file work.csv (CSV, C-alpha atoms)
chain,number,residue,atom,x,y,z
N,370,MET,CA,40.0,-98.6,17.0
N,371,ARG,CA,36.8,-100.0,18.4
N,372,CYS,CA,36.8,-103.1,20.6
N,373,LYS,CA,33.8,-105.5,20.7
N,374,SER,CA,34.6,-107.0,24.1
N,375,THR,CA,36.2,-105.9,27.4
N,376,TYR,CA,39.2,-108.0,26.7
N,377,CYS,CA,41.5,-106.3,24.2
N,378,GLN,CA,44.8,-108.0,23.5
N,379,GLY,CA,47.7,-105.6,23.5
N,380,VAL,CA,45.6,-102.4,23.9
N,381,ALA,CA,43.8,-100.5,26.7
N,382,PHE,CA,40.0,-100.4,26.8
N,383,ASN,CA,38.1,-97.3,27.6
N,384,ARG,CA,34.7,-98.4,29.0
N,385,ASP,CA,33.1,-95.0,28.7
N,386,GLN,CA,33.8,-94.6,25.0
N,387,SER,CA,34.1,-98.3,24.1
N,388,LEU,CA,37.4,-97.5,22.5
N,389,CYS,CA,40.6,-99.4,22.3
N,390,LEU,CA,43.5,-97.2,23.3
N,391,TYR,CA,47.3,-97.6,23.3
N,392,GLY,CA,48.6,-99.6,26.2
N,393,GLY,CA,47.2,-102.8,27.6
N,394,PHE,CA,44.1,-104.2,29.3
N,395,GLN,CA,43.2,-107.2,31.3
N,396,SER,CA,40.7,-108.2,33.9
N,397,ASP,CA,42.0,-108.0,37.5
N,398,PRO,CA,41.7,-111.6,38.9
N,399,THR,CA,42.0,-110.3,42.4
N,400,THR,CA,38.5,-108.8,42.3
N,401,LEU,CA,36.7,-110.6,39.5
N,402,GLU,CA,33.7,-108.4,39.3
N,403,GLY,CA,32.8,-109.8,35.9
N,404,GLU,CA,32.9,-108.2,32.5
N,405,GLU,CA,32.0,-104.8,34.0
N,406,TYR,CA,35.4,-104.5,35.8
N,407,ILE,CA,38.5,-103.6,33.9
N,408,GLU,CA,42.0,-102.7,34.8
N,409,VAL,CA,44.0,-100.4,32.4
N,410,TRP,CA,47.7,-100.7,32.4
N,411,THR,CA,50.3,-99.2,30.1
N,412,LEU,CA,53.6,-100.6,29.1
N,413,GLY,CA,55.4,-97.5,27.8
N,414,PRO,CA,55.1,-94.1,26.1
N,415,LEU,CA,52.8,-94.0,23.1
N,416,GLU,CA,55.7,-93.5,20.7
N,417,THR,CA,57.1,-97.0,21.6
N,418,TYR,CA,54.0,-98.7,20.1
N,419,ILE,CA,53.6,-99.9,16.5
N,420,ILE,CA,50.0,-99.1,15.6
N,421,THR,CA,48.4,-100.3,12.4
N,422,GLU,CA,45.0,-99.1,11.0
N,423,ASP,CA,41.9,-101.2,11.7
N,424,THR,CA,43.5,-103.5,14.3
N,425,ARG,CA,42.9,-104.2,17.9
N,426,ILE,CA,46.5,-105.0,18.5
N,427,ALA,CA,49.2,-102.5,19.5
N,428,THR,CA,52.6,-104.2,19.6
N,429,ILE,CA,55.7,-102.9,21.3
N,430,PRO,CA,59.1,-103.2,19.6
N,431,PRO,CA,61.7,-105.3,21.5
N,432,ASN,CA,63.4,-103.5,24.3
N,433,ASP,CA,67.0,-102.5,24.1
N,434,CYS,CA,68.9,-104.9,26.3
N,435,ARG,CA,71.2,-102.1,27.3
N,436,LEU,CA,68.4,-100.8,29.5
N,437,TYR,CA,68.6,-104.0,31.7
N,438,PRO,CA,72.3,-104.3,32.4
N,439,ASP,CA,71.8,-106.0,35.8
N,440,TRP,CA,69.2,-108.4,34.7
N,441,ILE,CA,70.1,-112.1,34.0
N,442,SER,CA,70.4,-112.7,30.3
N,443,LYS,CA,69.3,-116.1,28.9
N,444,PRO,CA,69.6,-117.7,25.5
N,445,ASN,CA,65.9,-117.6,24.9
N,446,GLY,CA,66.1,-113.9,24.1
N,447,LYS,CA,64.8,-112.7,27.4
N,448,ARG,CA,66.3,-111.1,30.5
N,449,TYR,CA,65.0,-111.9,34.0
N,450,PHE,CA,64.9,-110.2,37.3
N,451,PHE,CA,64.0,-112.3,40.4
N,452,THR,CA,62.8,-110.7,43.6
N,453,SER,CA,62.7,-112.8,46.7
N,454,GLU,CA,60.6,-110.1,48.5
N,455,TYR,CA,57.2,-111.7,49.0
N,456,MET,CA,54.2,-109.7,47.7
N,457,PRO,CA,50.7,-110.4,46.4
N,458,TRP,CA,50.3,-111.2,42.7
N,459,LYS,CA,49.0,-107.7,41.7
N,460,ASP,CA,52.0,-106.0,43.5
N,461,GLN,CA,54.5,-108.3,41.8
N,462,LYS,CA,52.8,-107.6,38.4
N,463,GLU,CA,53.0,-103.8,39.0
N,464,PHE,CA,56.6,-104.2,40.2
N,465,CYS,CA,57.5,-105.8,36.8
N,466,GLU,CA,55.4,-103.3,34.8
N,467,SER,CA,57.1,-100.4,36.5
N,468,ARG,CA,60.3,-101.7,34.9
N,469,GLN,CA,58.7,-102.0,31.5
N,470,ALA,CA,58.6,-105.8,31.9
N,471,ARG,CA,56.0,-108.4,32.8
N,472,LEU,CA,55.7,-111.4,35.1
N,473,ALA,CA,57.4,-114.4,33.6
N,474,THR,CA,55.8,-116.6,30.9
N,475,VAL,CA,56.6,-120.2,30.1
N,476,LYS,CA,56.0,-121.0,26.4
N,477,SER,CA,58.8,-123.4,25.6
N,478,ASN,CA,60.8,-126.1,27.3
N,479,GLU,CA,63.7,-123.7,27.4
N,480,ASP,CA,61.6,-121.1,29.2
N,481,GLU,CA,60.5,-123.8,31.7
N,482,GLU,CA,64.1,-124.8,32.5
N,483,ILE,CA,65.2,-121.2,33.0
N,484,VAL,CA,62.2,-120.4,35.3
N,485,PHE,CA,62.9,-123.5,37.4
N,486,GLU,CA,66.5,-122.5,37.7
N,487,LEU,CA,65.9,-118.8,38.6
N,488,THR,CA,63.2,-119.4,41.1
N,489,ALA,CA,65.3,-122.0,43.0
N,490,GLY,CA,62.5,-123.5,45.1
N,491,TYR,CA,60.9,-120.2,46.0
N,492,GLU,CA,57.1,-119.9,45.8
N,493,THR,CA,57.0,-117.6,42.8
N,494,TRP,CA,54.2,-115.8,41.0
N,495,LEU,CA,54.1,-116.4,37.3
N,496,GLY,CA,52.3,-114.2,34.8
N,497,LEU,CA,49.4,-116.6,34.4
N,498,THR,CA,45.8,-116.1,35.6
N,499,ASN,CA,42.7,-118.2,35.8
N,500,ARG,CA,40.2,-115.6,34.7
N,501,ALA,CA,37.5,-118.2,34.2
N,502,GLY,CA,37.8,-119.3,37.8
N,503,GLU,CA,37.1,-122.9,36.8
N,504,ARG,CA,39.0,-126.0,37.8
N,505,CYS,CA,41.2,-127.3,35.0
N,506,GLU,CA,44.2,-129.4,34.4
N,507,ASN,CA,46.6,-129.5,31.4
N,508,GLU,CA,44.5,-129.5,28.1
N,509,SER,CA,41.3,-128.4,29.9
N,510,CYS,CA,43.1,-125.2,30.9
N,511,ASN,CA,43.2,-124.0,27.3
N,512,GLY,CA,41.0,-121.0,27.0
N,513,LYS,CA,40.8,-120.5,30.7
N,514,LEU,CA,44.3,-119.4,31.6
N,515,PHE,CA,45.9,-116.3,30.2
N,516,TRP,CA,49.5,-115.1,30.2
N,517,SER,CA,50.7,-111.6,31.2
N,518,ASP,CA,51.3,-110.7,27.5
N,519,GLY,CA,47.6,-111.3,26.8
N,520,SER,CA,48.0,-114.6,25.0
N,521,MET,CA,45.9,-117.6,25.8
N,522,PHE,CA,47.5,-120.6,27.6
N,523,GLN,CA,48.1,-123.6,25.4
N,524,TYR,CA,49.0,-126.9,27.1
N,525,ASP,CA,51.9,-128.8,25.4
N,526,PRO,CA,53.4,-131.9,27.2
N,527,ALA,CA,56.7,-131.2,25.4
N,528,ILE,CA,56.9,-127.9,27.3
N,529,TYR,CA,55.4,-128.6,30.7
N,530,SER,CA,57.2,-131.3,32.7
N,531,LYS,CA,54.6,-131.0,35.6
N,532,PRO,CA,50.8,-130.8,35.4
N,533,MET,CA,49.4,-127.3,35.0
N,534,ILE,CA,46.5,-127.1,37.5
N,535,GLY,CA,43.9,-124.4,37.9
N,536,ASP,CA,41.4,-124.3,40.8
N,537,SER,CA,38.0,-122.8,40.9
N,538,ALA,CA,38.8,-121.1,44.2
N,539,HIS,CA,42.0,-119.4,43.1
N,540,PHE,CA,42.9,-117.2,40.2
N,541,CYS,CA,46.7,-116.6,40.1
N,542,LEU,CA,49.3,-119.2,39.1
N,543,ARG,CA,52.4,-119.8,41.0
N,544,LEU,CA,55.5,-122.0,40.8
N,545,ARG,CA,56.6,-124.0,43.8
N,546,ASN,CA,59.4,-126.6,43.7
N,547,VAL,CA,58.9,-127.0,39.9
N,548,GLU,CA,55.2,-127.5,40.3
N,549,TYR,CA,52.5,-125.3,38.9
N,550,ASN,CA,49.2,-124.5,40.6
N,551,ASP,CA,47.1,-121.5,41.6
N,552,ARG,CA,46.7,-119.7,44.8
N,553,ASP,CA,44.7,-116.8,46.2
N,554,CYS,CA,46.0,-113.7,44.5
N,555,SER,CA,46.3,-111.9,47.8
N,556,ASP,CA,48.9,-114.4,49.1
N,557,SER,CA,52.4,-113.1,49.1
N,558,LYS,CA,55.0,-114.9,46.9
N,559,ALA,CA,58.3,-114.1,45.2
N,560,GLY,CA,58.3,-112.7,41.7
N,561,LEU,CA,60.1,-113.3,38.4
N,562,CYS,CA,60.0,-110.5,35.8
N,563,GLU,CA,61.0,-111.0,32.2
N,564,VAL,CA,61.6,-108.7,29.3
N,565,VAL,CA,62.1,-109.6,25.7
N,566,CYS,CA,64.9,-107.5,24.2
N,567,SER,CA,66.6,-107.2,20.9

call {"tool": "encode", "arguments": {"input": "work.csv", "output": "structure tokens"}}
result
Amino acid sequence: MRCKSTYCQGVAFNRDQSLCLYGGFQSDPTTLEGEEYIEVWTLGPLETYIITEDTRIATIPPNDCRLYPDWISKPNGKRYFFTSEYMPWKDQKEFCESRQARLATVKSNEDEEIVFELTAGYETWLGLTNRAGERCENESCNGKLFWSDGSMFQYDPAIYSKPMIGDSAHFCLRLRNVEYNDRDCSDSKAGLCEVVCS
């Protein structure tokens, strides 16, 4: 599976061989060394992936909810784990991934209500990065912000009750008192992990 760019949704990118591998890839917003810098991360053993021929996408079957008995179950099909221990964005991301999860995403009104409830006023890192490093707000953030699952941010006023703001000086998005904006990725915030399970 060959990849034409250094951003491969759902797979890992091998720069030396220009090959898409199983796992995941995304640029690291804490260093932003341009297209030459990549971070490779894996979400699970290879046998957990569904691989189809001639595709750049490697999908993972839904996790078994029995693996997350202590996580908070919500009706949107996700389970959540909140940590009030303040850490930089990258450390919170790795904390979630070490549990086969990811930093929380907000893609529906129900997601937003749940995230507001679970973070309870804590400054909390979300799984959203401003890889373009450009100032944006709401619709102008489309194509500039990316979620931790590799999908592109799409602004929808029916979902987001507060403005979604990106700043050219910061690259990681956080939630604070039900308001979204970005901060320096090296700042320490709480974290909210999510997992989609069957």

call {"tool": "atom_distance", "arguments": {"input": "work.csv", "atom1": "atom CA of Val565 of chain N", "atom2": "atom CA of Tyr449 of chain N"}}
result
9.1 Å

call {"tool": "atom_distance", "arguments": {"input": "work.csv", "atom1": "atom CA of Arg552 of chain N", "atom2": "atom CA of Ser442 of chain N"}}
result
28.7 Å

call {"tool": "closest_residue", "arguments": {"input": "work.csv", "among": "N:Glu486, N:Asp536, N:Glu479, N:Glu548", "to": "Ser509 of chain N", "atoms": "all atoms listed in the file"}}
result
N:Asp536

call {"tool": "atom_distance", "arguments": {"input": "work.csv", "atom1": "atom CA of Ile441 of chain N", "atom2": "atom CA of Tyr549 of chain N"}}
result
22.5 Å

call {"tool": "closest_residue", "arguments": {"input": "work.csv", "among": "N:Ser537, N:Thr474, N:Thr488, N:Ser520", "to": "Lys558 of chain N", "atoms": "only C-alpha atoms"}}
result
N:Thr488

call {"tool": "residues_near_point", "arguments": {"input": "work.csv", "point": "(52.6, -129.7, 20.0)", "cutoff": "12 Å", "atoms": "all atoms listed in the file", "output": "PDB file with C-alpha atoms, in the frame of the given file"}}
result
ATOM      1  CA  LYS N 476      56.000-121.000  26.400  1.00  0.00           C
ATOM      2  CA  SER N 477      58.800-123.400  25.600  1.00  0.00           C
ATOM      3  CA  ASN N 478      60.800-126.100  27.300  1.00  0.00           C
ATOM      4  CA  GLU N 508      44.500-129.500  28.100  1.00  0.00           C
ATOM      5  CA  GLN N 523      48.100-123.600  25.400  1.00  0.00           C
ATOM      6  CA  TYR N 524      49.000-126.900  27.100  1.00  0.00           C
ATOM      7  CA  ASP N 525      51.900-128.800  25.400  1.00  0.00           C
ATOM      8  CA  PRO N 526      53.400-131.900  27.200  1.00  0.00           C
ATOM      9  CA  ALA N 527      56.700-131.200  25.400  1.00  0.00           C
ATOM     10  CA  ILE N 528      56.900-127.900  27.300  1.00  0.00           C
ATOM     11  CA  TYR N 529      55.400-128.600  30.700  1.00  0.00           C
TER      12      TYR N 529
END

call {"tool": "residues_near_point", "arguments": {"input": "work.csv", "point": "(50.4, -108.3, 44.3)", "cutoff": "8 Å", "atoms": "all atoms listed in the file", "output": "ChimeraX atom specification"}}
result
/N:456-463,554-557

call {"tool": "closest_residue", "arguments": {"input": "work.csv", "among": "N:Phe464, N:Phe485, N:Phe540, N:Trp440", "to": "Leu497 of chain N", "atoms": "all atoms listed in the file"}}
result
N:Phe540
